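Below is one structure; the comments refer to it alone.
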Amino acid sequence: MEPQKRAKNQLKTHIRAQNQELILDTAERVFARQGLAKTTTQMIADEAGLPKANVHYYYRSKQDLLDAVLERILTMWLHSVSLFNFEEGPKANLTRYISEKIDQSRSRPNASKVFAMALIGEEEFVLQYLRDYFVTELSREKATIEKWIDLGLMHSVDSEHLFISMWAMTQTYADFDAQIKIVLNKDELEDKDYDAAKSFITSMVLAGCGIKED
């Protein structure tokens, strides 16, 4: 391929990636604010500063766009939280897991809200993704927890409910941030609020698992 043609193709690829990222970022924000049902591709196009035709060039329908947004969210969640390391033990791993989940709620609140809406609405894309990928990862973490239990490093706990509880406690700081702001009497949550949440949730989980913090 000629250098000039190669450079032209690289530019097209770069522009395409930029446009898709802009559309997905905007769609995540609009879906979180307006809700899945009320959001339209016209709203997304207007907020992104693009013609509606540009949005449909990359995503044929609102459903295609929603699925793309959800795939990006779920992939991010699947790979951004560290896998449990058996040698480090339960205290270090659970503490890190809770910290990383709170950090996700702090940095990507719209992602958490869109996921919650899709799960409540039983969007098939989310349900199938959880079946295909999330269950596998959870079973791997469960096996590690069971080894720690067998070694007496923590109490015998139901690992599925342990994870469900940690998700509920951490993701609420994104999904229901409006409620938390009212309870804390704040216009916006600060870093110290998230740090306090990490500390409190970690203490609760470790205590419930029979793990000393000292």
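Chains: A, B, ... in order of the structure tokens. Residues: from 1 per chain. Ligands: from 1, in order shown.
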
With only C-alpha atoms as the counted atoms, please give the residues lying no more than 12 Å from Asp25 of chain A, apart from itself and same-chain residues fewer than 5 positions off, as a ChimeraX atom specification. /A:18-20,30-32,44-45,47-48,65-66,68-70,72-73,108,110-111,114

Mind writing the picked residues with all heavy atoms as a compact mmCIF listing (two decimals), in the first residue's frame?
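Output file part-v7.txt follows:
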# COMPACT_ATOMS: atom_id res chain seq x y z
N GLN A 18 -12.65 8.27 17.15
CA GLN A 18 -13.01 9.47 17.90
C GLN A 18 -14.51 9.70 17.90
O GLN A 18 -15.10 10.03 18.94
CB GLN A 18 -12.31 10.69 17.29
CG GLN A 18 -10.87 10.87 17.73
CD GLN A 18 -10.32 12.22 17.31
OE1 GLN A 18 -10.62 12.72 16.23
NE2 GLN A 18 -9.51 12.83 18.16
N ASN A 19 -15.14 9.54 16.74
CA ASN A 19 -16.59 9.75 16.64
C ASN A 19 -17.35 8.73 17.48
O ASN A 19 -18.32 9.08 18.18
CB ASN A 19 -17.04 9.66 15.18
CG ASN A 19 -16.66 10.89 14.38
OD1 ASN A 19 -16.37 11.94 14.94
ND2 ASN A 19 -16.64 10.77 13.06
N GLN A 20 -16.92 7.48 17.42
CA GLN A 20 -17.60 6.45 18.20
C GLN A 20 -17.45 6.71 19.71
O GLN A 20 -18.40 6.52 20.47
CB GLN A 20 -17.05 5.07 17.83
CG GLN A 20 -17.52 4.59 16.47
CD GLN A 20 -16.99 3.21 16.14
OE1 GLN A 20 -15.78 3.02 16.01
NE2 GLN A 20 -17.88 2.25 16.01
N VAL A 30 -26.55 10.68 28.49
CA VAL A 30 -27.96 10.98 28.23
C VAL A 30 -28.86 9.85 28.73
O VAL A 30 -29.92 10.10 29.32
CB VAL A 30 -28.19 11.24 26.72
CG1 VAL A 30 -29.68 11.47 26.44
CG2 VAL A 30 -27.38 12.45 26.26
N PHE A 31 -28.47 8.61 28.51
CA PHE A 31 -29.25 7.48 29.01
C PHE A 31 -29.38 7.56 30.54
O PHE A 31 -30.45 7.30 31.10
CB PHE A 31 -28.59 6.15 28.64
CG PHE A 31 -28.91 5.65 27.26
CD1 PHE A 31 -27.89 5.29 26.38
CD2 PHE A 31 -30.22 5.53 26.82
CE1 PHE A 31 -28.18 4.81 25.10
CE2 PHE A 31 -30.53 5.05 25.55
CZ PHE A 31 -29.50 4.70 24.69
N ALA A 32 -28.28 7.92 31.21
CA ALA A 32 -28.31 8.00 32.68
C ALA A 32 -29.22 9.12 33.15
O ALA A 32 -29.91 8.98 34.16
CB ALA A 32 -26.89 8.22 33.20
N ILE A 44 -29.17 12.40 21.74
CA ILE A 44 -27.74 12.07 21.81
C ILE A 44 -26.97 12.85 20.76
O ILE A 44 -25.90 13.40 21.04
CB ILE A 44 -27.54 10.55 21.65
CG1 ILE A 44 -28.16 9.81 22.85
CG2 ILE A 44 -26.06 10.20 21.51
CD1 ILE A 44 -28.30 8.32 22.66
N ALA A 45 -27.51 12.90 19.55
CA ALA A 45 -26.85 13.63 18.47
C ALA A 45 -26.73 15.11 18.81
O ALA A 45 -25.67 15.72 18.63
CB ALA A 45 -27.62 13.45 17.17
N GLU A 47 -26.68 16.56 21.79
CA GLU A 47 -25.73 16.80 22.88
C GLU A 47 -24.29 16.58 22.42
O GLU A 47 -23.37 17.22 22.92
CB GLU A 47 -26.05 15.92 24.08
CG GLU A 47 -25.21 16.23 25.30
CD GLU A 47 -25.94 15.95 26.62
OE1 GLU A 47 -27.18 16.08 26.67
OE2 GLU A 47 -25.25 15.63 27.60
N ALA A 48 -24.12 15.65 21.47
CA ALA A 48 -22.78 15.38 20.95
C ALA A 48 -22.36 16.42 19.91
O ALA A 48 -21.18 16.46 19.52
CB ALA A 48 -22.73 13.99 20.33
N LEU A 65 -27.20 1.16 19.72
CA LEU A 65 -26.38 2.10 20.48
C LEU A 65 -26.39 1.75 21.96
O LEU A 65 -25.34 1.76 22.62
CB LEU A 65 -26.89 3.53 20.26
CG LEU A 65 -26.16 4.65 21.00
CD1 LEU A 65 -24.67 4.60 20.76
CD2 LEU A 65 -26.73 6.01 20.57
N LEU A 66 -27.55 1.42 22.51
CA LEU A 66 -27.64 1.03 23.91
C LEU A 66 -26.79 -0.21 24.18
O LEU A 66 -26.07 -0.28 25.17
CB LEU A 66 -29.10 0.77 24.30
CG LEU A 66 -29.32 0.23 25.73
CD1 LEU A 66 -28.77 1.19 26.77
CD2 LEU A 66 -30.82 -0.02 25.97
N ALA A 68 -24.18 -1.17 22.58
CA ALA A 68 -22.77 -0.79 22.51
C ALA A 68 -22.33 -0.10 23.80
O ALA A 68 -21.22 -0.34 24.30
CB ALA A 68 -22.52 0.12 21.31
N VAL A 69 -23.19 0.75 24.33
CA VAL A 69 -22.90 1.43 25.60
C VAL A 69 -22.78 0.40 26.72
O VAL A 69 -21.84 0.44 27.54
CB VAL A 69 -24.00 2.45 25.94
CG1 VAL A 69 -23.86 2.96 27.38
CG2 VAL A 69 -23.95 3.63 24.98
N LEU A 70 -23.70 -0.54 26.77
CA LEU A 70 -23.69 -1.56 27.81
C LEU A 70 -22.47 -2.47 27.69
O LEU A 70 -21.86 -2.83 28.71
CB LEU A 70 -24.98 -2.39 27.75
CG LEU A 70 -26.25 -1.65 28.16
CD1 LEU A 70 -27.48 -2.47 27.81
CD2 LEU A 70 -26.23 -1.32 29.65
N ARG A 72 -19.55 -1.69 26.51
CA ARG A 72 -18.39 -0.94 26.98
C ARG A 72 -18.36 -0.88 28.50
O ARG A 72 -17.30 -1.04 29.12
CB ARG A 72 -18.40 0.47 26.39
CG ARG A 72 -17.11 1.23 26.63
CD ARG A 72 -17.06 2.56 25.93
NE ARG A 72 -17.96 3.55 26.54
CZ ARG A 72 -17.77 4.86 26.49
NH1 ARG A 72 -16.72 5.35 25.84
NH2 ARG A 72 -18.61 5.70 27.05
N ILE A 73 -19.52 -0.67 29.12
CA ILE A 73 -19.60 -0.61 30.58
C ILE A 73 -19.22 -1.94 31.20
O ILE A 73 -18.40 -2.01 32.12
CB ILE A 73 -21.02 -0.21 31.03
CG1 ILE A 73 -21.31 1.25 30.64
CG2 ILE A 73 -21.19 -0.40 32.54
CD1 ILE A 73 -22.77 1.64 30.81
N ARG A 108 -17.22 6.77 37.34
CA ARG A 108 -18.15 6.46 36.25
C ARG A 108 -19.57 6.27 36.78
O ARG A 108 -20.18 5.21 36.61
CB ARG A 108 -17.71 5.19 35.51
CG ARG A 108 -16.39 5.30 34.76
CD ARG A 108 -16.50 6.14 33.50
NE ARG A 108 -17.41 5.56 32.54
CZ ARG A 108 -17.07 4.59 31.67
NH1 ARG A 108 -15.85 4.10 31.68
NH2 ARG A 108 -17.96 4.13 30.81
N ASN A 110 -22.40 7.51 35.76
CA ASN A 110 -23.39 7.31 34.70
C ASN A 110 -23.39 5.87 34.21
O ASN A 110 -24.44 5.31 33.88
CB ASN A 110 -23.12 8.25 33.53
CG ASN A 110 -23.42 9.69 33.86
OD1 ASN A 110 -24.30 9.98 34.65
ND2 ASN A 110 -22.67 10.62 33.27
N ALA A 111 -22.21 5.26 34.16
CA ALA A 111 -22.12 3.87 33.73
C ALA A 111 -22.90 2.97 34.67
O ALA A 111 -23.65 2.08 34.24
CB ALA A 111 -20.65 3.44 33.67
N VAL A 114 -26.74 3.51 34.15
CA VAL A 114 -27.24 2.88 32.92
C VAL A 114 -27.34 1.36 33.09
O VAL A 114 -28.32 0.74 32.69
CB VAL A 114 -26.35 3.24 31.71
CG1 VAL A 114 -26.77 2.44 30.48
CG2 VAL A 114 -26.42 4.73 31.41

When DSSP is applied to the backbone of this structure, which of segment 35-190 of chain A are assigned alpha helix (DSSP H)? Write them out as an MDAnalysis selection string. chainID A and resid 41:48 52:58 62:80 89:107 109:120 124:129 135:150 159:175 177:184

Identify, on the basis of only C-alpha atoms, every residue whose closest approach to Glu123 of chain A does not exceed 12 Å; exclude the query and any residue fewer than 6 positions from it along the same chain; express the result as a PDB file with C-alpha atoms, in the first residue's frame.
ATOM      1  CA  LEU A  36     -33.526   4.259  28.644  1.00  0.00           C
ATOM      2  CA  ALA A  37     -37.084   4.643  27.376  1.00  0.00           C
ATOM      3  CA  GLN A  63     -31.077  -0.420  20.594  1.00  0.00           C
ATOM      4  CA  LEU A  66     -27.640   1.034  23.914  1.00  0.00           C
ATOM      5  CA  ASP A  67     -26.080  -2.407  23.454  1.00  0.00           C
ATOM      6  CA  LEU A  70     -23.688  -1.558  27.813  1.00  0.00           C
ATOM      7  CA  GLU A  71     -20.929  -3.674  26.288  1.00  0.00           C
ATOM      8  CA  VAL A 114     -27.243   2.881  32.919  1.00  0.00           C
ATOM      9  CA  PHE A 115     -26.340  -0.660  33.964  1.00  0.00           C
ATOM     10  CA  ALA A 116     -28.846  -0.544  36.832  1.00  0.00           C
ATOM     11  CA  MET A 117     -31.613   0.683  34.507  1.00  0.00           C
ATOM     12  CA  TYR A 129     -23.408 -10.956  29.069  1.00  0.00           C
ATOM     13  CA  LEU A 130     -23.711 -11.802  32.752  1.00  0.00           C
TER      14      LEU A 130
END

Nearest to Asp158 of chain A: which of A:Tyr173, A:Gly35, A:Pro90, A:Cys209 is it, counting only C-alpha atoms? A:Cys209

Using only C-alpha atoms, which residue out of A:Trp167, A:Tyr59, A:Phe125, A:Tyr194 lies closest to Lys181 of chain A? A:Tyr194

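Closest approach to Leu94 of chain A among A:Thr75, A:Gln128, A:Glu21, A:Ser82 is made by A:Ser82 (distances from only C-alpha atoms).
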
Set the distance at 12 Å and use only C-alpha atoms: which residues neighbour Leu50 of chain A once local chain neighbours fewer than 6 positions away are removed? I'd like the list as a list in words. Asn19, Gln20, Leu22, Ile23, Thr26, Thr41, Gln42, Met43, Ile44, His56 and Tyr57 of chain A
